[in-house]
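So the structure is just underneath, and the comments pick up after that.
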Amino acid sequence: KEFATTIDASLLGASATVEGQLFNKKLSTITGIRYRDNSLFVNSKQIETNFRPKFTDVQSFLSYTASEKLTINFLGNFSLNNYNYTPISRRTRFGTVANPIELIVFYNGQEKDKYLTLFGALSTEYNPNENLTFTGTISSYNTQEEEHFDIAASYNLGEVDTNIGSENFGEVAFSEGIGSQLNHARNDLDALINNVQLRGSYKKNKKQIDFGIKYQKEDIRDRIREWEVIDSVGFSIRPPHHVGNHQPYEPFEGPITPYQSIRAENDVEINRLSGFVQYSKRLFWNDNEVWYNVGVRAQNWTVKSEGISSKNQFIVSPRAQFAIKPDWEKDMLFRISGGWYSQPPSYRELKDFNGNINRDVKAQKSIHAVAGMDYSFDMWDRPFKLTTEAYYKDLSDINSYTVDNVRIRYRADNVTTGYAHGLDLRLNGEFIAGSESWVSVGYLKTEENINNQGNIARPSDQRIKFGILFQDYVPNLPDLKAYLNLVYNTGVPGGSPSYADVYQFQNRLRDYKRADLGVSYVFADANKTHQKGWLANFKELTAGLELFNMFDIQNSITNTWVRDVYSKTQFGIPNYMTGRVLNFKVGMRF
């Protein structure tokens with residue numbers, strides 16, 4: 001609504017935003033640019049590395065009011081993420097107190113990943129009258145991804161001497177695995193997604209009808225060249241499903257093959273036609289206020305690969321919601337919703353472990369039932385709100401996946417069923433007058449059954465989540481503010497190697513615990529203006545310190561898998577997240 005410039009800067013990066021109105025206030029615009037360097041986070045990890053992940057993005061939104069009935073909007077985005085990674089060494093201890101194990105790795109090579117994203121959308125909003133609104137949108141999205149690496153790792157996996165009286169206490173006493181591995185990849189993906197959409201909304205007499213239709217074309221070109229060679233004490237480890245030989249009685253004359261290898265080139269075209277309609281109404285039952293809506297979504301799509309098209313697939317997803325606010329002295333709202341939801345596959349869900357495309361992957365389906373309650377009340381003469389939701393989901397035609405380090409790989413076969421149920425509670429309000437804080441608790445259990453082998457935990461099965469955000473200020477110095485963020489989550493499944501049977505890898509990561517502390521001072525804002533001096537140049541000015549993970553707790557996010565050639569066991573080595581990090585931050589608005 002007015003010209004303004006906002007700048008935020010910290011040891012992790014900076015951002016700037018410019019906004020204003022032009023052409024007699026017919027054109028409004030806001031444009032922002034951000035730069036982030038996560039080296040400060042990376043340098044606190046256990047791996048010694050030369051790693052500078054840099055992220056840059058620019059976003060712009062323009063809105064032009066052509067007339068009282070017609071508005072034209074444009075949204076654009078440019079994003080460039082670079083990961084230049086040269087690992088040097090790693091030293092990680094894991095296991096139990098009675099049986100600690102240490103992994104020492106020395107690296108050669110590097111990884112260079114680049115992700116470029118471009119997006120643009122043009123929409124027009126037309127209001128023929130006060131009851132009817134039409135919105136037309138055309139958009140284009142392009143992503144270009146490069147994943148190139150050659151990394152050789154020599155490792156020593158050994159038992160740690162726990163005998164306190166030993167001269168070698170705390171050192172590796174026995175090596176269980178000595179070897180090396182070489183990972184290579186030249187993976188490139190270029191995806192162009194174009195769509196056109198028309199939406200409408202009709203409102204009258206507390207009734208509303210929303211409807212829309214959309215056509216989308218996806219053109220994906222994917223080149224995969226990836227292999228891994230594992231060596232253990234001079235012997236190349238053959239692939240997991242390699243047929244045995246009769247050495248040393250008969251010489252083995254077959255070629256040396258990588259432990260795993262993926263070579264594929266996929267040119268895929270996906271065409272989607274989708275639409276929805278929804279009816280909503282607000283009314284009163286006696287003195288009780290009621291809302292409800294019913295709707296349905298539908299989509300038809302085909303996948304074309306190697307010149308061959310899949311058969312048309314069509315899904316229908318009905319859903320409904322009902323809410324009632326009783327005429328009680330207490331301010332309470334009850335709601336229930338449900339439906340039969342279907343999620344058509346994206347390109348990545350069509351690609352199996354070996355990079356091959358299954359054109360006939362079906363939509364994943366889920367029957368949802370959700371019940372919730374909102375309770376608004378006053379405590380200590382201040383407003384609070386308690387939100388509660390319980391849910392159950394019956395899942396079918398699941399396209400199950402595994403997590404290998406930070407990569408997700410799909411089975412692309414729809415042979416999995418499952419379920420999920422849970423409960424979420426959140427209490428937010430002014431625990432301290434003038435400062436909003438909240439407490440949240442969540443419970444989740446979700447399991448899947450792959451090809452009738454029995455139920456196992458899904459990768460997202462995180463049973464308990466607990467969080468607190470507490471904000472405060474000094475009573476005699478209200479411009480000095482502080483926040484405390486506490487998080488406790490039970491561990492999720494630790495994943496598995498992409499070529500392994502997930503039923504043999506059902507260990508969980510350790511529980512996630514974290515505490516963050518932030519302190520800031522407000523030099524200028526809407527309630528604290530300055531007419532002279534250097535602070536008169538600012539509409540807002542704040543500065544502060546943030547201490548992330550202040551107790552320096554080692555939280556693991558995934559596992560790296562190391563093979564012990566003697567016991568033929570694969571150890572999941574935790575990949576720990578960042579330790580304690582101190583950040584300085586300043587925010588300015590002109």
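Here, A, B, ... name the chains of the structure tokens in the order displayed, residue numbers run from 1 inside each chain, and ligands are numbered from 1 in the same displayed order.
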
Report as a compact mmCIF listing (two decimals) with N, CA, C and O atoms, in the first residue's frame all protein, DNA and RNA residues lying within 6 Å of A:Gly136, evaluated on only C-alpha atoms, omitting residues in the same chain fewer than 3 positions from it.
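The resulting file, out_33.txt, is shown below:
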# COMPACT_ATOMS: atom_id res chain seq x y z
N SER A 123 -2.50 -14.41 -14.01
CA SER A 123 -3.90 -14.69 -13.71
C SER A 123 -4.73 -13.41 -13.86
O SER A 123 -4.24 -12.30 -13.65
N THR A 124 -5.98 -13.61 -14.20
CA THR A 124 -6.93 -12.51 -14.27
C THR A 124 -8.14 -12.86 -13.41
O THR A 124 -8.62 -13.99 -13.43
N GLN A 197 -5.83 -22.95 -16.18
CA GLN A 197 -6.86 -23.26 -15.20
C GLN A 197 -7.92 -22.17 -15.19
O GLN A 197 -7.61 -20.97 -15.35
N LEU A 198 -9.16 -22.58 -15.01
CA LEU A 198 -10.29 -21.65 -14.86
C LEU A 198 -11.03 -22.03 -13.60
O LEU A 198 -11.42 -23.20 -13.42

Near-A:Asn451 list (7 Å; only C-alpha atoms; drop same-chain fewer than 2 positions) as a ChimeraX atom specification
/A:415-416,449,453

Show which residues sit within 6 Å of stretch 512-518 of chain A, as a PyMOL selection string. Count only C-alpha atoms, and ignore same-chain residues fewer than 5 positions away.
chain A and resi 482-489+545-550+555

Each residue of stretch 133-155 of chain A with at least one atom at most 10 Å from stretch 204-220 of chain A should appear once, together with its nearest atom pair and the corresponding distance in Å (one decimal); atoms considered: only C-alpha atoms; ordering: chain, then increasing residue number; output as a tab-separated table.
residue	atom	partner	partner_atom	distance
A:Thr133	CA	A:Asp210	CA	9.6
A:Phe134	CA	A:Gly212	CA	9.4
A:Thr135	CA	A:Gly212	CA	9.1
A:Gly136	CA	A:Gly212	CA	9.6
A:Thr137	CA	A:Lys214	CA	9.3
A:Ile138	CA	A:Lys214	CA	9.7
A:Ser139	CA	A:Gln216	CA	9.5
A:Ser140	CA	A:Gln216	CA	9.7
A:Tyr141	CA	A:Glu218	CA	9.4
A:Asn142	CA	A:Asp219	CA	9.6
A:Thr143	CA	A:Ile220	CA	9.5

Among the residues A:Gln260, A:Asn266, A:Asn358, A:Ser366, the one that comes closest to A:Leu189 [using only C-alpha atoms]:
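Going through A:Gln260, A:Asn266, A:Asn358, A:Ser366 one by one, the smallest distance to A:Leu189 is for A:Asn266.
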
Pairwise distance for atom CA of A:Gly372 and atom CA of A:Leu423, rounded to one decimal in Å:
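One can read the atom CA of A:Gly372 to atom CA of A:Leu423 distance as 9.6 Å.
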
Find the residues near A:Asp360: any atom within 9 Å, counting only C-alpha atoms, skip ones fewer than 5 places away on the same chain, and give them as a ChimeraX atom specification.
/A:302-303,310-311,313,350,412-413

Kindly save the residues from that selection, with N, CA and C atoms included, as a compact mmCIF listing (two decimals), in the first residue's frame.
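What follows is the written file selection-v3.txt:
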# COMPACT_ATOMS: atom_id res chain seq x y z
N THR A 302 -2.76 -39.56 -18.50
CA THR A 302 -2.04 -40.57 -19.27
C THR A 302 -0.55 -40.29 -19.17
N VAL A 303 0.25 -41.35 -19.25
CA VAL A 303 1.70 -41.26 -19.21
C VAL A 303 2.25 -41.84 -20.50
N SER A 310 0.30 -45.00 -21.77
CA SER A 310 -0.45 -45.84 -20.85
C SER A 310 -1.94 -45.69 -21.14
N LYS A 311 -2.71 -46.57 -20.58
CA LYS A 311 -4.15 -46.43 -20.69
C LYS A 311 -4.60 -45.25 -19.83
N GLN A 313 -6.22 -43.24 -17.00
CA GLN A 313 -6.60 -43.53 -15.63
C GLN A 313 -7.48 -42.39 -15.12
N LEU A 350 6.77 -42.64 -10.52
CA LEU A 350 6.72 -43.62 -11.61
C LEU A 350 8.03 -44.37 -11.76
N ALA A 412 7.23 -48.08 -7.03
CA ALA A 412 6.46 -47.91 -8.28
C ALA A 412 5.68 -49.17 -8.63
N ASP A 413 4.95 -49.74 -7.63
CA ASP A 413 4.22 -50.96 -7.93
C ASP A 413 2.84 -51.07 -7.26

Could you pull out the residues in stretch 165-364 of chain A that DSSP calls alpha helix (DSSP H) from the backbone, as a PyMOL selection string?
chain A and resi 347-350

Selected residues written out with N, CA, C and O atoms, as a compact mmCIF listing (two decimals), in the first residue's frame:
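As written to disk, out-v2.txt reads:
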# COMPACT_ATOMS: atom_id res chain seq x y z
N TYR A 347 6.03 -37.69 -11.47
CA TYR A 347 7.04 -38.40 -12.26
C TYR A 347 7.95 -39.25 -11.37
O TYR A 347 8.24 -40.41 -11.68
N ARG A 348 8.39 -38.71 -10.25
CA ARG A 348 9.33 -39.45 -9.40
C ARG A 348 8.69 -40.72 -8.85
O ARG A 348 9.39 -41.70 -8.57
N GLU A 349 7.38 -40.73 -8.69
CA GLU A 349 6.71 -41.93 -8.19
C GLU A 349 6.54 -42.99 -9.26
O GLU A 349 6.21 -44.14 -8.95
N LEU A 350 6.77 -42.64 -10.52
CA LEU A 350 6.72 -43.62 -11.61
C LEU A 350 8.03 -44.37 -11.76
O LEU A 350 8.10 -45.40 -12.44

Could you list, as a list in words, every residue within 10 Å of A:Ile450, counting only C-alpha atoms and ignoring same-chain residues fewer than 5 positions away?
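The filter keeps Ile398, Asn399, Ser400, Asn414, Val415, Thr416, Thr417, Gly418, Asn455, Ile456, Val502 and Tyr503 of chain A.
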
Go ahead and write the selection's residues with N, CA and C atoms as an mmCIF file, in the first residue's frame.
data_model
loop_
_atom_site.group_PDB
_atom_site.id
_atom_site.type_symbol
_atom_site.label_atom_id
_atom_site.label_comp_id
_atom_site.auth_asym_id
_atom_site.auth_seq_id
_atom_site.Cartn_x
_atom_site.Cartn_y
_atom_site.Cartn_z
ATOM 1 N N ILE A 398 -0.726 -48.103 -2.039
ATOM 2 C CA ILE A 398 0.405 -47.267 -1.640
ATOM 3 C C ILE A 398 1.597 -47.530 -2.555
ATOM 4 N N ASN A 399 2.268 -46.488 -2.948
ATOM 5 C CA ASN A 399 3.536 -46.575 -3.671
ATOM 6 C C ASN A 399 4.638 -46.377 -2.626
ATOM 7 N N SER A 400 5.027 -47.458 -1.963
ATOM 8 C CA SER A 400 5.930 -47.344 -0.815
ATOM 9 C C SER A 400 7.315 -46.897 -1.263
ATOM 10 N N ASN A 414 2.484 -50.179 -6.336
ATOM 11 C CA ASN A 414 1.146 -50.172 -5.729
ATOM 12 C C ASN A 414 0.760 -51.489 -5.056
ATOM 13 N N VAL A 415 1.727 -52.222 -4.492
ATOM 14 C CA VAL A 415 1.410 -53.507 -3.867
ATOM 15 C C VAL A 415 1.333 -53.386 -2.347
ATOM 16 N N THR A 416 1.188 -52.177 -1.841
ATOM 17 C CA THR A 416 1.259 -51.939 -0.399
ATOM 18 C C THR A 416 -0.054 -51.364 0.108
ATOM 19 N N THR A 417 -0.463 -51.807 1.280
ATOM 20 C CA THR A 417 -1.597 -51.227 1.995
ATOM 21 C C THR A 417 -1.103 -50.724 3.351
ATOM 22 N N GLY A 418 -1.927 -49.933 4.023
ATOM 23 C CA GLY A 418 -1.489 -49.414 5.316
ATOM 24 C C GLY A 418 -2.577 -48.617 6.008
ATOM 25 N N ASN A 455 2.857 -56.131 8.685
ATOM 26 C CA ASN A 455 2.939 -54.697 8.954
ATOM 27 C C ASN A 455 4.313 -54.301 9.475
ATOM 28 N N ILE A 456 4.844 -53.204 8.928
ATOM 29 C CA ILE A 456 6.058 -52.571 9.424
ATOM 30 C C ILE A 456 5.817 -51.067 9.469
ATOM 31 N N VAL A 502 13.475 -53.978 3.037
ATOM 32 C CA VAL A 502 13.214 -53.061 4.149
ATOM 33 C C VAL A 502 12.788 -53.802 5.413
ATOM 34 N N TYR A 503 12.278 -55.012 5.276
ATOM 35 C CA TYR A 503 11.847 -55.773 6.447
ATOM 36 C C TYR A 503 13.036 -56.182 7.327
#

Interatomic distance (Å, one decimal) between atom CA of A:Ala14 and atom CA of A:Arg36:
6.5 Å

So, with only C-alpha atoms as the atoms that count, which of A:Ser201, A:Thr529, A:Thr5, A:Ser520 lies closest to A:Thr542?
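For A:Thr542, the nearest of the candidates is A:Ser520.
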
Can you work out the spacing between atom CA of A:Gln278 and atom CA of A:Phe322 in Å, to one decimal?
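A separation of 13.3 Å between them.
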
Might you pull out every residue within 8 Å of A:Ser63, with only C-alpha atoms counted and same-chain residues fewer than 5 positions away left off, and present them as a list in words?
Leu27, Ser28, Thr29, Thr71, Ile72, Asn73 and Phe74 of chain A

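Counting only C-alpha atoms and comparing A:Tyr115, A:Trp291, A:Tyr126, A:Tyr83, the residue that lies closest to A:Ser67 is A:Tyr126.
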
Compile the contact shell of A:Asp222 as number ranges by chain: residues with an atom at most 8 Å away, counting only C-alpha atoms, same-chain residues fewer than 2 positions apart removed.
A: 187-190, 220, 224, 264-267

Write the residues of the preceding selection, restricted to N, CA, C and O atoms, as a tab-separated table (two decimals), in the first residue's frame.
chain	number	residue	atom	x	y	z
A	187	ASN	N	23.85	-37.52	-13.05
A	187	ASN	CA	22.40	-37.51	-13.17
A	187	ASN	C	21.91	-36.12	-13.54
A	187	ASN	O	22.27	-35.13	-12.88
A	188	ASP	N	21.09	-36.04	-14.58
A	188	ASP	CA	20.56	-34.75	-15.05
A	188	ASP	C	19.07	-34.89	-15.30
A	188	ASP	O	18.61	-35.86	-15.92
A	189	LEU	N	18.32	-33.90	-14.84
A	189	LEU	CA	16.86	-33.89	-15.03
A	189	LEU	C	16.42	-32.50	-15.48
A	189	LEU	O	16.88	-31.49	-14.93
A	190	ASP	N	15.56	-32.48	-16.48
A	190	ASP	CA	14.98	-31.23	-16.98
A	190	ASP	C	13.47	-31.45	-17.12
A	190	ASP	O	13.03	-32.29	-17.90
A	220	ILE	N	9.18	-34.35	-19.11
A	220	ILE	CA	10.33	-34.64	-18.26
A	220	ILE	C	11.39	-35.39	-19.06
A	220	ILE	O	11.07	-36.38	-19.74
A	224	ILE	N	20.06	-40.87	-16.09
A	224	ILE	CA	20.61	-41.42	-14.85
A	224	ILE	C	21.83	-42.27	-15.20
A	224	ILE	O	21.74	-43.22	-16.00
A	264	ALA	N	19.80	-45.27	-17.06
A	264	ALA	CA	18.48	-45.10	-17.67
A	264	ALA	C	18.39	-43.72	-18.31
A	264	ALA	O	19.04	-42.77	-17.86
A	265	GLU	N	17.60	-43.64	-19.36
A	265	GLU	CA	17.26	-42.37	-19.99
A	265	GLU	C	15.75	-42.37	-20.20
A	265	GLU	O	15.23	-43.20	-20.95
A	266	ASN	N	15.08	-41.46	-19.55
A	266	ASN	CA	13.62	-41.43	-19.58
A	266	ASN	C	13.13	-40.11	-20.16
A	266	ASN	O	13.46	-39.03	-19.64
A	267	ASP	N	12.39	-40.20	-21.25
A	267	ASP	CA	11.65	-39.06	-21.79
A	267	ASP	C	10.17	-39.35	-21.57
A	267	ASP	O	9.59	-40.23	-22.21

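Among the candidate residues A:Val229, A:Ile464, A:Leu116, A:Gly20, the one lying nearest to A:Phe55 is A:Leu116, with distances computed using only C-alpha atoms.
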